[in-house]
Every structure is written in structure tokens, then in C-alpha cells.
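Accompanying notes for the structure given below.
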Amino acid sequence: MGDDKLELTAAQVAAYLKKHPDFFAYQPAVLDSLQLSTSPEGTISLAQRQLERCLQKNEKLHAQLNSLLFNARKNTELQSRVHQLCLRLMDAKGLDELLPLLMHELKQEFEADEVTLRLFYTGDAKIDLPVLTDNIVQHHIDDEGFKIFDSLLAKQQPVCGRLTLAQKTVLFGEQAEQVQSVACLPLGHQPCAGLLAIASFNVNRFHADMGTDYLSFLGDITMRLLRPYHHAEHGE
């Protein structure tokens with residue numbers, strides 16, 4: 001009995017819609033659940049409105065799918081290039097050839113504006129770096145200037161996106177304000193042996209949605225290539 005009183009008649013629904021002609025404009029989701037037929041030529045029916053909403057949804061889904069496919073293709077292409085880059089790095093004969101090759105190739109392959117390599121050492125055990133190594137700097141592992149990277153390094157995985165101005169200044173000096181997006185690759189962990197940063201002046205070049213598997217691979221390869229020289233400085 002109580003339930004019957006809650007039911008609306010067709011006349012009540014019609015009366016409500018007459019008083020609120022913009023109801024479907026503010027409640028478009030209701031259209032999706034209606035069973036509608038077409039209306040006479042020259043009029044805009046609810047069925048047409050429903051069709052328009054379906055078309056809009058399909059267009060949005062199509063755009064999202066295209067974006068996913070585009071990013072997938074770009075990541076696949078980049079993964080292939082990184083693989084070839086690693087092979088070239090492994091062919092380098094000595095640190096004098098490896099480091100300049102690394103910096104040059106990273107700029108080329110990632111279409112980067114800046115690349116920096118920061119190596120950490122303990123005690124007085126610095127690596128004997130070759131002359132004219134552009135933006136490759138060694139820091140003591142307890143360097144206070146790198147405390148601002150603690151949370152980034154603690155993740156032990158590549159991070160893409162924006163850095164703070166303080167972080168960019170440590171890595172890129174006078175170019176800090178121009179740098180808009182960065183891919184950071186920690187080299188090893190417990191403790192971290194270094195940080196490789198690839199930067200762009202384009203804010204959209206490196207972003208959080210980028211795949212990072214190939215960057216992890218690149219970081220692992222770089223660490224393994226540098227390890228013999230690091231160990232040599234320790235007399236190992």
C-alpha cells in the first residue's frame with residue numbers, strides 16, 4: 001500500500017517535465033537508460049539527444065585510445081633505441097671513450113637539451129675522470145647539497161617530470177631556470193652510486209605517464225659499465 005503511494009503516474013511525470021523543460025540538460029545521464037524512438041522530421045527527439053551523447057562518448061574513447069597507441073609506439077621506439085645505445089656503450093674502450101659517448105648519445109637519443117652525471121664516492125676514493133668531461137661531477141656521498149634528492153633517490157627507480165628549482169640548480173647550474181622537465185635515473189642503491197639526469201626545456205618532454213622500464217635498464221647498464229673504474233679506485 002505504502003509502495004503504491006510512492007509510484008508516479010505518467011501524468012505526474014509529464015507535468016513535472018513541463019514545469020522543468022531543462023531537466024535532461026542537467027541530468028543527461030538519465031538519457032542513457034531510456035528506451036526511445038525517433039521523432040518526426042524537423043524535431044529534435046530524446047532519441048537523437050541520446051545518440052549524440054553516445055557519439056560524444058565514442059569520440060572521447062577514440063581519442064583516449066589513439067593517445068594510448070601513440071604513447072605505446074613512442075615507448076617501443078625509444079626502448080629499441082636505448083637497447084642499441086647500451087650496445088654502443090658496452091663497446092667503448094675505457095673511461096675516456098665511455099663518458100663522452102654516454103653524454104653525447106643521451107642528448108641525441110632523448111632529444112635532450114641538458115644531460116648531467118653525478119657520481120657519489122666515499123672517503124677520498126674519487127674516480128680518475130678523463131679531461132673535458134662535460135657536466136660530470138663527483139660528490140661525496142654525504143654531500144649536504146644532495147639531501148634534497150633523498151626522497152627521489154630512495155625510490156630506487158627512474159622518475160620523470162618536474163624538479164624543484166633548488167634540485168635543478170644543483171644538477172644544471174646556470175641552465176636551471178630553462179630546464180622544464182627531467183628524467184632522473186638513480187645509479188644503483190644501498191647506497192646509491194650516482195644520479196643520471198636527462199633534461200629538456202620543453203615542459204611536456206618528460207612526464208609522469210612515461211614508461212620507465214627502458215630507463216631502469218639504461219641506469220643498470222650505466223652502473224655496471226662504471227663499476228670497474230669505481231672499484232679500481234678502491235684498489236679492488
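Residue names in the C-alpha cells use chain letters A, B, ... in the order shown, residue numbers from 1 in each chain, and ligand numbers from 1 in the order shown.
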
Report as an mmCIF file with C-alpha atoms, in the first residue's frame all protein, DNA and RNA residues lying within 7 Å of segment 137-150 of chain A, evaluated on only C-alpha atoms, omitting residues in the same chain fewer than 2 positions from it.
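Contents of selection31.cif, freshly written:
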data_model
loop_
_atom_site.group_PDB
_atom_site.id
_atom_site.type_symbol
_atom_site.label_atom_id
_atom_site.label_comp_id
_atom_site.auth_asym_id
_atom_site.auth_seq_id
_atom_site.Cartn_x
_atom_site.Cartn_y
_atom_site.Cartn_z
ATOM 1 C CA LEU A 117 76.015 12.701 -14.469
ATOM 2 C CA ARG A 118 76.656 12.984 -10.732
ATOM 3 C CA LEU A 119 78.788 10.267 -9.167
ATOM 4 C CA PHE A 120 78.964 9.617 -5.422
ATOM 5 C CA TYR A 121 82.100 8.436 -3.635
ATOM 6 C CA THR A 122 83.083 7.557 -0.092
ATOM 7 C CA ASN A 135 78.781 18.198 -16.746
ATOM 8 C CA LEU A 152 63.878 10.782 -5.159
ATOM 9 C CA LEU A 153 66.875 8.502 -4.632
ATOM 10 C CA ALA A 154 65.011 6.450 -2.026
ATOM 11 C CA GLN A 167 67.175 20.497 -7.353
#

Write down as a PyMOL selection string the residues of segment 27-210 of chain A whose backbone DSSP state falls under helix (DSSP H, G or I).
-> chain A and resi 28-33+46-90+95-109+144-154+165-175

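With only C-alpha atoms taken into account, the protein and nucleic acid residues at most 12 Å from Ala29 of chain A (excluding it and anything under 6 positions from it in its own chain) are Phe23, Arg49, Gln50, Arg53, Cys54 and Lys57 of chain A.
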
Can those selected residues be exported to a file as a compact mmCIF listing (two decimals), in the first residue's frame so that it contains N, CA and C atoms?
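Generated output (again37.txt):
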# COMPACT_ATOMS: atom_id res chain seq x y z
N PHE A 23 15.19 19.67 -17.71
CA PHE A 23 15.56 18.54 -16.84
C PHE A 23 16.67 17.70 -17.45
N ARG A 49 19.06 13.05 -28.96
CA ARG A 49 19.95 13.52 -27.89
C ARG A 49 20.77 12.36 -27.33
N GLN A 50 20.09 11.22 -27.16
CA GLN A 50 20.78 10.04 -26.64
C GLN A 50 21.87 9.59 -27.61
N ARG A 53 24.88 11.86 -27.39
CA ARG A 53 25.71 11.56 -26.22
C ARG A 53 26.56 10.32 -26.46
N CYS A 54 26.00 9.32 -27.10
CA CYS A 54 26.77 8.11 -27.42
C CYS A 54 27.92 8.43 -28.36
N LYS A 57 30.65 10.19 -26.44
CA LYS A 57 31.40 9.23 -25.63
C LYS A 57 32.36 8.44 -26.51

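Interatomic distance, atom CA of Ala199 of chain A to atom CA of Glu111 of chain A: 9.1 Å.
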
Contacts of Leu163 of chain A at 10 Å (only C-alpha atoms; same-chain gap of 2+ positions) as a ChimeraX atom specification = /A:149,152,159-161,165-169,176,179-184

Would you give me, as a list in words, the residues in segment 1-124 of chain A that DSSP reads as strand (DSSP E or B)?
-> Glu114, Val115, Thr116, Leu117, Arg118, Leu119, Phe120 and Tyr121 of chain A

Just write the chosen residues, C-alpha atoms, as a PDB file, in the first residue's frame.
ATOM      1  CA  GLU A 114      70.994  19.048 -20.992  1.00  0.00           C
ATOM      2  CA  VAL A 115      72.490  15.852 -19.553  1.00  0.00           C
ATOM      3  CA  THR A 116      74.339  15.581 -16.266  1.00  0.00           C
ATOM      4  CA  LEU A 117      76.015  12.701 -14.469  1.00  0.00           C
ATOM      5  CA  ARG A 118      76.656  12.984 -10.732  1.00  0.00           C
ATOM      6  CA  LEU A 119      78.788  10.267  -9.167  1.00  0.00           C
ATOM      7  CA  PHE A 120      78.964   9.617  -5.422  1.00  0.00           C
ATOM      8  CA  TYR A 121      82.100   8.436  -3.635  1.00  0.00           C
TER       9      TYR A 121
END

With a distance cut-off of 12 Å and only C-alpha atoms, select the neighbouring residues of Gln84 of chain A, excluding the residue or stretch itself and same-chain residues fewer than 4 positions from it, and output the selection as a ChimeraX atom specification.
-> /A:77-80,88-91,105-106,109,214,217-218,221
